[in-house]
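Enquirer: Below are the C-alpha cells for one structure; questions will follow.
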Number of protein chains: 2
Amino acid sequence: MSGHLAVIGLGPGDASCLTPEANAALTKADAVYGYATYLERVPARANQARHASDNREESERAAAALKHASLGARVAIVSGGDPGVFAMAAAVCEEIEAGPENLRALDVTIVPGITAMLAVAARIGAPLGHDFCVLSLSDNLKPWERIERRLDAAATAGFVMALYNPVSRARPWQFGAAIKRLRCHLPPATPVVFGRAVTRQSEQISVVTLERAEAVEADMATLVIVGSRETRVIARPGKLPLVYTPRAAAEVSA
Amino acid sequence: MSGHLAVIGLGPGDASCLTPEANAALTKADAVYGYATYLERVPARANQARHASDNREESERAAAALKHASLGARVAIVSGGDPGVFAMAAAVCEEIEAGPENLRALDVTIVPGITAMLAVAARIGAPLGHDFCVLSLSDNLKPWERIERRLDAAATAGFVMALYNPVSRARPWQFGAAIKRLRCHLPPATPVVFGRAVTRQSEQISVVTLERAEAVEADMATLVIVGSRETRVIARPGKLPLVYTPRAAAEVSA
C-alpha cells in the first residue's frame, strides 16, 4: 500500500511556532483534512485538496482521511497544538483499530507541535517547572465523577494542573465546579493562569488567585493552569508577573 | 534596562523540530548560554559568544546569563525540549526572585519547544491521547517518598504517565523502584514506551509490558511513557505497533 497519512500539529496559531517538519509535511500533501478553524491557518496550495469539517466530527474526519490515504494518496490531517494531546492522533488510532485490516499496513506519521500548555506556560514564566497533570475538563467522553476524582488526586499529590477544554457552550458549569472542588484542597492564594488564543491576535493572559478564578471568562480557546502549593508569583514593574513552580520541592508541602 | 534574556527550547534534537521563533531568537543573541550538549546543536555565528556549562549547573548558568543581560546585552539560554518542562525556565525564575530587584525589570522571553514526551508519543501513536501526568523521577530536588506518592496517585486515578529523568549514573535504582511500585496498581500487560534520543541519530523506541519494563535499558536521554488501564496496542505488520489511549473513557476502569 503506497498511501501515507500525516497527522500534523500546527502549534498554538502563529506561523513562527510551526516546525519546519510540520511545514514540509503540509507541502507534500495531496489533500489536507481538518476542523475548519485549523484548516484556515494552512496556506492554500495548488493541486492540494482541502476538506474542512466541524470540530465534533473527529472520528468521521479520521476515517475519511484514512480511506483517502489507503487509495494511494499523501493525505494530511491538521490539529491545533500537538496532535497527541486531546486531538486527532488518538482519533486516527481508534479508526485504524476499528477499521479494515489494510489500514494497519498504511504509513502513518505523526508530527508533533507546540501544545497550548507549553505556549501559555512560556508566556508567563514556568508554572509547569515541576511535576504536573494534564486534564481535559470535557465530560463528553468521560463521566464527570472521574474528572472530579482526577482533580482530587492531582491537587492532593502536589501536581500543578493544565486544564484543557475548560468551558464550551454545551458545558457551561464544569469549569466552575472544578474550581470549587480544587478550593477544597488548595489555598485561596494558589495562582491560576488563564491563557486564551496564545500567539494569535486575540491573545489574552491573566493571572488570578484560586479564590477569584471563577470570575475570569474562559472558553474553548482558553487553557488554564492551576498551580500547586509550591507555585510562586514574582511581581514585576510594568510587566506581567512571572508565575513559576520551583524545581526543588519545599521541605514541607502537600 | 535595555538587556534581554531569551530562554529557548531547542526541541528533541533534529533541526526540523526547531521552531522559526526559536531560530530567530538564536540569531539575534549576542551570547548563548547552555549545557554543553545542547549548545553543540546551535550553529556557531559570527560575533556571538558561547558559554557552555555542565548539566548540573543550572542555577549558576541562569544567574550568569541574567547578569550578562542586565548589562544591556541580548542573551539566550538554550534548553533541550521545552524550557518550561524540567528545564531552564524555572531556574531563571528562581534566580530572578532571589536576585537583585533590577532583574525584575529585565525583558525575559521564553520560547517554547517540542518537549520529549510529545516527540516520543508522536513516534508511537497517541499514548498521551487522554488525561496524563508528567513526573521527573529525579530525587535530587525532591524526596523519593513524594515521587512514590505521586506515582500512586497518578496510577490509581487513571492517568497515563510521562516519566522524565528515569535513570542517571548517580540514581541507578529509582526507575526499577518506580516500575515495581506501578505494578501494585496496574495490570502486567499495561503498555510501556521507551523513547531514547528521539529525532537524533541514536534514536531508539521500544514498547514492552509493565511486567517486562525493568529489563529495558533507560538513561538520561530516555523518556518513558507508562499507559493507563485504557491504553491500547495495535500490532502492525513490519512496523512498530501503535500505542494509544482512546479519547473516550471505558465504561468500567480504574
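Starting from 1 in every chain, residues are counted up; chains themselves are A, B, ... following the order of the C-alpha cells, and ligands are numbered from 1 as listed.
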Compile the contact shell of Ala221 in chain A as a list in words: residues with an atom at most 8 Å away, counting only C-alpha atoms, same-chain residues fewer than 2 positions apart removed.

Expert: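 My reading of the contact set: Asn165, Arg196, Ala197, Ala218, Asp219 and Leu223 of chain A.
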
Enquirer: Show me, as a JSON list (two decimals) with C-alpha atoms, in the first residue's frame, the residues that have an atom within 12 Å of Pro143 in chain B when counting only C-alpha atoms, minus same-chain residues fewer than 4 positions from it.

Expert:
[["chain", "number", "residue", "atom", "x", "y", "z"],
["A", 248, "ALA", "CA", 13.12, 21.81, 44.20],
["A", 249, "ALA", "CA", 10.27, 20.69, 46.42],
["A", 250, "ALA", "CA", 9.76, 22.71, 49.58],
["A", 251, "GLU", "CA", 10.66, 20.92, 52.80],
["A", 252, "VAL", "CA", 7.05, 20.84, 53.93],
["A", 253, "SER", "CA", 4.26, 20.76, 51.37],
["B", 136, "SER", "CA", 10.54, 13.67, 36.94],
["B", 137, "LEU", "CA", 11.93, 10.57, 38.66],
["B", 138, "SER", "CA", 14.96, 12.53, 39.86],
["B", 139, "ASP", "CA", 15.11, 12.67, 43.64],
["B", 147, "ILE", "CA", 7.67, 10.66, 43.98],
["B", 148, "GLU", "CA", 6.18, 7.39, 45.21],
["B", 149, "ARG", "CA", 3.06, 9.15, 46.42],
["B", 150, "ARG", "CA", 2.66, 10.84, 43.03],
["B", 174, "GLN", "CA", 14.92, 4.76, 41.14]]

Enquirer: If you run DSSP over the backbone, which residues in range 54-198 of chain A end up strand (DSSP E)? Put them as number ranges by chain.

Expert: A: 74-79, 107-111, 125-126, 132-136, 160-164, 191-196

Enquirer: Convert the current residue selection to file output with N, CA and C atoms, as a PDB file, in the first residue's frame.

Expert:
ATOM      1  N   ARG A  74      -1.149  10.922  -0.659  1.00  0.00           N
ATOM      2  CA  ARG A  74      -0.481  11.506   0.521  1.00  0.00           C
ATOM      3  C   ARG A  74      -1.473  12.449   1.175  1.00  0.00           C
ATOM      4  N   VAL A  75      -1.952  12.064   2.341  1.00  0.00           N
ATOM      5  CA  VAL A  75      -3.023  12.808   2.998  1.00  0.00           C
ATOM      6  C   VAL A  75      -2.506  13.384   4.310  1.00  0.00           C
ATOM      7  N   ALA A  76      -2.918  14.605   4.631  1.00  0.00           N
ATOM      8  CA  ALA A  76      -2.578  15.221   5.913  1.00  0.00           C
ATOM      9  C   ALA A  76      -3.848  15.523   6.698  1.00  0.00           C
ATOM     10  N   ILE A  77      -3.789  15.327   8.008  1.00  0.00           N
ATOM     11  CA  ILE A  77      -4.835  15.838   8.906  1.00  0.00           C
ATOM     12  C   ILE A  77      -4.155  16.847   9.808  1.00  0.00           C
ATOM     13  N   VAL A  78      -4.761  18.027   9.961  1.00  0.00           N
ATOM     14  CA  VAL A  78      -4.151  19.026  10.840  1.00  0.00           C
ATOM     15  C   VAL A  78      -4.893  19.109  12.172  1.00  0.00           C
ATOM     16  N   SER A  79      -4.121  19.366  13.220  1.00  0.00           N
ATOM     17  CA  SER A  79      -4.634  19.592  14.575  1.00  0.00           C
ATOM     18  C   SER A  79      -4.070  20.921  15.061  1.00  0.00           C
ATOM     19  N   ASP A 107       1.311   3.690   5.933  1.00  0.00           N
ATOM     20  CA  ASP A 107       2.327   4.528   6.593  1.00  0.00           C
ATOM     21  C   ASP A 107       1.642   5.692   7.288  1.00  0.00           C
ATOM     22  N   VAL A 108       1.859   5.797   8.579  1.00  0.00           N
ATOM     23  CA  VAL A 108       1.279   6.896   9.349  1.00  0.00           C
ATOM     24  C   VAL A 108       2.411   7.637  10.043  1.00  0.00           C
ATOM     25  N   THR A 109       2.474   8.951   9.856  1.00  0.00           N
ATOM     26  CA  THR A 109       3.468   9.788  10.527  1.00  0.00           C
ATOM     27  C   THR A 109       2.739  10.790  11.399  1.00  0.00           C
ATOM     28  N   ILE A 110       3.173  10.922  12.627  1.00  0.00           N
ATOM     29  CA  ILE A 110       2.583  11.945  13.487  1.00  0.00           C
ATOM     30  C   ILE A 110       3.641  13.013  13.713  1.00  0.00           C
ATOM     31  N   VAL A 111       3.292  14.236  13.428  1.00  0.00           N
ATOM     32  CA  VAL A 111       4.242  15.358  13.515  1.00  0.00           C
ATOM     33  C   VAL A 111       3.862  16.209  14.728  1.00  0.00           C
ATOM     34  N   GLY A 125       6.118  32.476  32.447  1.00  0.00           N
ATOM     35  CA  GLY A 125       7.200  32.041  33.329  1.00  0.00           C
ATOM     36  C   GLY A 125       7.445  30.556  33.189  1.00  0.00           C
ATOM     37  N   ALA A 126       7.256  29.836  34.287  1.00  0.00           N
ATOM     38  CA  ALA A 126       7.484  28.382  34.253  1.00  0.00           C
ATOM     39  C   ALA A 126       6.560  27.672  35.241  1.00  0.00           C
ATOM     40  N   PHE A 132       3.526  17.825  36.888  1.00  0.00           N
ATOM     41  CA  PHE A 132       2.189  18.362  36.590  1.00  0.00           C
ATOM     42  C   PHE A 132       1.291  17.329  35.919  1.00  0.00           C
ATOM     43  N   CYS A 133      -0.018  17.619  35.953  1.00  0.00           N
ATOM     44  CA  CYS A 133      -1.027  16.778  35.315  1.00  0.00           C
ATOM     45  C   CYS A 133      -1.704  17.548  34.200  1.00  0.00           C
ATOM     46  N   VAL A 134      -2.181  16.831  33.213  1.00  0.00           N
ATOM     47  CA  VAL A 134      -2.831  17.423  32.063  1.00  0.00           C
ATOM     48  C   VAL A 134      -4.205  16.763  31.931  1.00  0.00           C
ATOM     49  N   LEU A 135      -5.243  17.558  32.088  1.00  0.00           N
ATOM     50  CA  LEU A 135      -6.609  17.016  32.098  1.00  0.00           C
ATOM     51  C   LEU A 135      -7.497  17.778  31.137  1.00  0.00           C
ATOM     52  N   SER A 136      -8.386  17.064  30.469  1.00  0.00           N
ATOM     53  CA  SER A 136      -9.464  17.724  29.746  1.00  0.00           C
ATOM     54  C   SER A 136     -10.674  17.782  30.672  1.00  0.00           C
ATOM     55  N   VAL A 160       0.935  20.411  39.739  1.00  0.00           N
ATOM     56  CA  VAL A 160       0.327  21.530  39.030  1.00  0.00           C
ATOM     57  C   VAL A 160      -0.628  20.929  37.999  1.00  0.00           C
ATOM     58  N   MET A 161      -1.642  21.670  37.555  1.00  0.00           N
ATOM     59  CA  MET A 161      -2.586  21.132  36.570  1.00  0.00           C
ATOM     60  C   MET A 161      -2.720  22.026  35.353  1.00  0.00           C
ATOM     61  N   ALA A 162      -2.666  21.423  34.177  1.00  0.00           N
ATOM     62  CA  ALA A 162      -3.011  22.131  32.936  1.00  0.00           C
ATOM     63  C   ALA A 162      -4.378  21.620  32.525  1.00  0.00           C
ATOM     64  N   LEU A 163      -5.362  22.518  32.457  1.00  0.00           N
ATOM     65  CA  LEU A 163      -6.742  22.120  32.153  1.00  0.00           C
ATOM     66  C   LEU A 163      -7.120  22.534  30.732  1.00  0.00           C
ATOM     67  N   TYR A 164      -7.364  21.528  29.889  1.00  0.00           N
ATOM     68  CA  TYR A 164      -7.804  21.776  28.511  1.00  0.00           C
ATOM     69  C   TYR A 164      -9.336  21.763  28.470  1.00  0.00           C
ATOM     70  N   PRO A 191      -1.909  30.372  42.648  1.00  0.00           N
ATOM     71  CA  PRO A 191      -2.002  31.090  41.367  1.00  0.00           C
ATOM     72  C   PRO A 191      -2.714  30.270  40.283  1.00  0.00           C
ATOM     73  N   VAL A 192      -3.551  30.955  39.513  1.00  0.00           N
ATOM     74  CA  VAL A 192      -4.237  30.341  38.375  1.00  0.00           C
ATOM     75  C   VAL A 192      -3.978  31.215  37.148  1.00  0.00           C
ATOM     76  N   VAL A 193      -3.515  30.595  36.074  1.00  0.00           N
ATOM     77  CA  VAL A 193      -3.184  31.315  34.837  1.00  0.00           C
ATOM     78  C   VAL A 193      -4.233  30.983  33.775  1.00  0.00           C
ATOM     79  N   PHE A 194      -4.785  31.999  33.141  1.00  0.00           N
ATOM     80  CA  PHE A 194      -5.685  31.814  32.001  1.00  0.00           C
ATOM     81  C   PHE A 194      -4.955  32.284  30.754  1.00  0.00           C
ATOM     82  N   GLY A 195      -4.799  31.416  29.786  1.00  0.00           N
ATOM     83  CA  GLY A 195      -4.168  31.811  28.522  1.00  0.00           C
ATOM     84  C   GLY A 195      -5.140  31.550  27.392  1.00  0.00           C
ATOM     85  N   ARG A 196      -5.552  32.622  26.722  1.00  0.00           N
ATOM     86  CA  ARG A 196      -6.524  32.471  25.630  1.00  0.00           C
ATOM     87  C   ARG A 196      -5.860  32.809  24.309  1.00  0.00           C
TER      88      ARG A 196
END

Enquirer: Out of B:Arg169, B:Lys28, B:His130, B:Arg56, which residue has the shortest atom-to-atom distance to chain A when counting only C-alpha atoms?

Expert: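 Among the listed residues, the smallest separation from chain A belongs to B:His130.
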
Enquirer: Can you measure CA of Ala154 in chain A to CA of Ser228 in chain A for me? One decimal in Å is fine.

Expert: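 According to the coordinates, CA of Ala154 in chain A and CA of Ser228 in chain A are separated by 9.1 Å.
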
Enquirer: Write out as a PyMOL selection string the residues lying within 12 Å of Gly238 in chain B, counting only C-alpha atoms and excluding same-chain residues fewer than 5 positions away.

Expert: chain A and resi 104-107

Enquirer: Dump C-alpha atoms for the selected residues as a PDB file, in the first residue's frame?

Expert:
ATOM      1  CA  ARG A 104      -2.588  -1.303   9.630  1.00  0.00           C
ATOM      2  CA  ALA A 105      -0.237  -1.510   6.671  1.00  0.00           C
ATOM      3  CA  LEU A 106      -0.609   2.199   5.917  1.00  0.00           C
ATOM      4  CA  ASP A 107       2.327   4.528   6.593  1.00  0.00           C
TER       5      ASP A 107
END

Enquirer: CA of Pro12 in chain A and CA of Gly81 in chain A, how far apart in Å?

Expert: 5.0 Å

Enquirer: Write out as an MDAnalysis selection string all residues of range 3-174 of chain B that backbone DSSP assigns to helix (DSSP H, G or I).

Expert: chainID B and resid 15:17 20:28 36:39 58:70 88:98 101:105 116:124 144:156 174

Enquirer: Need the shell around Gly113 in chain B: protein/DNA/RNA residues with any atom at most 6 Å away, counting only C-alpha atoms. Skip same-chain ones fewer than 3 positions apart. Format as a list of chain:residue names?

Expert: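 Using only C-alpha atoms, the neighbours found are B:Gly9, B:Leu10, B:Gly11, B:Gly81, B:Asp82.
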
Enquirer: Near Leu103 in chain B, within 12 Å and counting only C-alpha atoms, which residues show up once chain neighbours fewer than 3 positions away are dropped, as a PDB file with N, CA and C atoms, in the first residue's frame?

Expert:
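Dumped to selection22.pdb:
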ATOM      1  N   ILE A 234       6.068  36.225  40.921  1.00  0.00           N
ATOM      2  CA  ILE A 234       7.014  37.336  41.067  1.00  0.00           C
ATOM      3  C   ILE A 234       6.402  38.568  40.399  1.00  0.00           C
ATOM      4  N   ALA A 235       6.060  39.567  41.193  1.00  0.00           N
ATOM      5  CA  ALA A 235       5.520  40.809  40.620  1.00  0.00           C
ATOM      6  C   ALA A 235       6.651  41.547  39.895  1.00  0.00           C
ATOM      7  N   ARG A 236       6.317  42.201  38.777  1.00  0.00           N
ATOM      8  CA  ARG A 236       7.324  42.962  38.025  1.00  0.00           C
ATOM      9  C   ARG A 236       6.749  44.313  37.636  1.00  0.00           C
ATOM     10  N   PRO A 237       7.527  45.366  37.736  1.00  0.00           N
ATOM     11  CA  PRO A 237       7.020  46.706  37.425  1.00  0.00           C
ATOM     12  C   PRO A 237       6.697  46.850  35.932  1.00  0.00           C
ATOM     13  N   LEU A 242       5.770  36.988  36.766  1.00  0.00           N
ATOM     14  CA  LEU A 242       6.266  35.656  36.405  1.00  0.00           C
ATOM     15  C   LEU A 242       5.638  34.653  37.371  1.00  0.00           C
TER      16      LEU A 242
ATOM     17  N   MET B   1      16.247  49.556  31.673  1.00  0.00           N
ATOM     18  CA  MET B   1      17.222  48.485  31.408  1.00  0.00           C
ATOM     19  C   MET B   1      16.981  47.922  30.013  1.00  0.00           C
ATOM     20  N   SER B   2      17.999  47.923  29.173  1.00  0.00           N
ATOM     21  CA  SER B   2      17.784  47.570  27.775  1.00  0.00           C
ATOM     22  C   SER B   2      18.131  46.114  27.462  1.00  0.00           C
ATOM     23  N   GLY B   3      18.640  45.368  28.427  1.00  0.00           N
ATOM     24  CA  GLY B   3      19.027  43.991  28.164  1.00  0.00           C
ATOM     25  C   GLY B   3      17.828  43.086  27.935  1.00  0.00           C
ATOM     26  N   HIS B   4      18.110  41.920  27.439  1.00  0.00           N
ATOM     27  CA  HIS B   4      17.043  40.975  27.114  1.00  0.00           C
ATOM     28  C   HIS B   4      17.550  39.551  27.302  1.00  0.00           C
ATOM     29  N   LEU B   5      16.724  38.736  27.935  1.00  0.00           N
ATOM     30  CA  LEU B   5      17.065  37.316  28.069  1.00  0.00           C
ATOM     31  C   LEU B   5      16.003  36.462  27.383  1.00  0.00           C
ATOM     32  N   ALA B  62      21.900  30.206  34.924  1.00  0.00           N
ATOM     33  CA  ALA B  62      20.813  31.191  34.899  1.00  0.00           C
ATOM     34  C   ALA B  62      21.296  32.523  35.472  1.00  0.00           C
ATOM     35  N   ALA B  63      22.019  32.464  36.596  1.00  0.00           N
ATOM     36  CA  ALA B  63      22.498  33.700  37.231  1.00  0.00           C
ATOM     37  C   ALA B  63      23.478  34.435  36.316  1.00  0.00           C
ATOM     38  N   ALA B  64      24.377  33.685  35.681  1.00  0.00           N
ATOM     39  CA  ALA B  64      25.370  34.315  34.797  1.00  0.00           C
ATOM     40  C   ALA B  64      24.691  34.959  33.591  1.00  0.00           C
ATOM     41  N   ALA B  65      23.710  34.278  33.028  1.00  0.00           N
ATOM     42  CA  ALA B  65      23.020  34.816  31.849  1.00  0.00           C
ATOM     43  C   ALA B  65      22.211  36.059  32.228  1.00  0.00           C
ATOM     44  N   LEU B  66      21.563  36.024  33.386  1.00  0.00           N
ATOM     45  CA  LEU B  66      20.784  37.181  33.833  1.00  0.00           C
ATOM     46  C   LEU B  66      21.698  38.386  34.064  1.00  0.00           C
ATOM     47  N   LYS B  67      22.839  38.127  34.678  1.00  0.00           N
ATOM     48  CA  LYS B  67      23.766  39.217  34.949  1.00  0.00           C
ATOM     49  C   LYS B  67      24.254  39.832  33.635  1.00  0.00           C
ATOM     50  N   HIS B  68      24.578  38.962  32.695  1.00  0.00           N
ATOM     51  CA  HIS B  68      25.041  39.417  31.379  1.00  0.00           C
ATOM     52  C   HIS B  68      23.953  40.259  30.686  1.00  0.00           C
ATOM     53  N   ALA B  69      22.721  39.777  30.715  1.00  0.00           N
ATOM     54  CA  ALA B  69      21.617  40.515  30.087  1.00  0.00           C
ATOM     55  C   ALA B  69      21.398  41.858  30.785  1.00  0.00           C
ATOM     56  N   SER B  70      21.556  41.862  32.111  1.00  0.00           N
ATOM     57  CA  SER B  70      21.287  43.097  32.852  1.00  0.00           C
ATOM     58  C   SER B  70      22.319  44.187  32.538  1.00  0.00           C
ATOM     59  N   LEU B  71      23.414  43.811  31.896  1.00  0.00           N
ATOM     60  CA  LEU B  71      24.406  44.802  31.460  1.00  0.00           C
ATOM     61  C   LEU B  71      24.032  45.406  30.107  1.00  0.00           C
ATOM     62  N   GLY B  72      22.907  44.943  29.540  1.00  0.00           N
ATOM     63  CA  GLY B  72      22.424  45.548  28.302  1.00  0.00           C
ATOM     64  C   GLY B  72      22.532  44.659  27.075  1.00  0.00           C
ATOM     65  N   VAL B  92      15.678  30.071  35.778  1.00  0.00           N
ATOM     66  CA  VAL B  92      15.777  31.519  35.547  1.00  0.00           C
ATOM     67  C   VAL B  92      14.828  32.270  36.491  1.00  0.00           C
ATOM     68  N   CYS B  93      13.601  31.794  36.627  1.00  0.00           N
ATOM     69  CA  CYS B  93      12.652  32.459  37.534  1.00  0.00           C
ATOM     70  C   CYS B  93      13.165  32.429  38.977  1.00  0.00           C
ATOM     71  N   GLU B  94      13.736  31.307  39.384  1.00  0.00           N
ATOM     72  CA  GLU B  94      14.288  31.214  40.742  1.00  0.00           C
ATOM     73  C   GLU B  94      15.355  32.284  40.970  1.00  0.00           C
ATOM     74  N   GLU B  95      16.230  32.459  39.993  1.00  0.00           N
ATOM     75  CA  GLU B  95      17.303  33.443  40.143  1.00  0.00           C
ATOM     76  C   GLU B  95      16.763  34.867  40.111  1.00  0.00           C
ATOM     77  N   ILE B  96      15.723  35.106  39.323  1.00  0.00           N
ATOM     78  CA  ILE B  96      15.124  36.451  39.308  1.00  0.00           C
ATOM     79  C   ILE B  96      14.515  36.756  40.678  1.00  0.00           C
ATOM     80  N   GLU B  97      13.807  35.772  41.241  1.00  0.00           N
ATOM     81  CA  GLU B  97      13.177  36.021  42.545  1.00  0.00           C
ATOM     82  C   GLU B  97      14.228  36.240  43.641  1.00  0.00           C
ATOM     83  N   ALA B  98      15.305  35.466  43.585  1.00  0.00           N
ATOM     84  CA  ALA B  98      16.328  35.546  44.641  1.00  0.00           C
ATOM     85  C   ALA B  98      17.328  36.685  44.411  1.00  0.00           C
ATOM     86  N   GLY B  99      17.384  37.184  43.183  1.00  0.00           N
ATOM     87  CA  GLY B  99      18.434  38.135  42.813  1.00  0.00           C
ATOM     88  C   GLY B  99      18.077  39.581  43.106  1.00  0.00           C
ATOM     89  N   PRO B 100      18.926  40.516  42.679  1.00  0.00           N
ATOM     90  CA  PRO B 100      18.670  41.933  42.917  1.00  0.00           C
ATOM     91  C   PRO B 100      17.403  42.406  42.199  1.00  0.00           C
ATOM     92  N   LEU B 106      13.998  43.394  33.811  1.00  0.00           N
ATOM     93  CA  LEU B 106      14.605  42.863  32.585  1.00  0.00           C
ATOM     94  C   LEU B 106      13.533  42.251  31.668  1.00  0.00           C
ATOM     95  N   ASP B 107      13.691  42.427  30.361  1.00  0.00           N
ATOM     96  CA  ASP B 107      12.799  41.738  29.419  1.00  0.00           C
ATOM     97  C   ASP B 107      13.203  40.270  29.324  1.00  0.00           C
ATOM     98  N   VAL B 108      12.259  39.393  29.616  1.00  0.00           N
ATOM     99  CA  VAL B 108      12.522  37.954  29.546  1.00  0.00           C
ATOM    100  C   VAL B 108      11.508  37.336  28.593  1.00  0.00           C
TER     101      VAL B 108
END
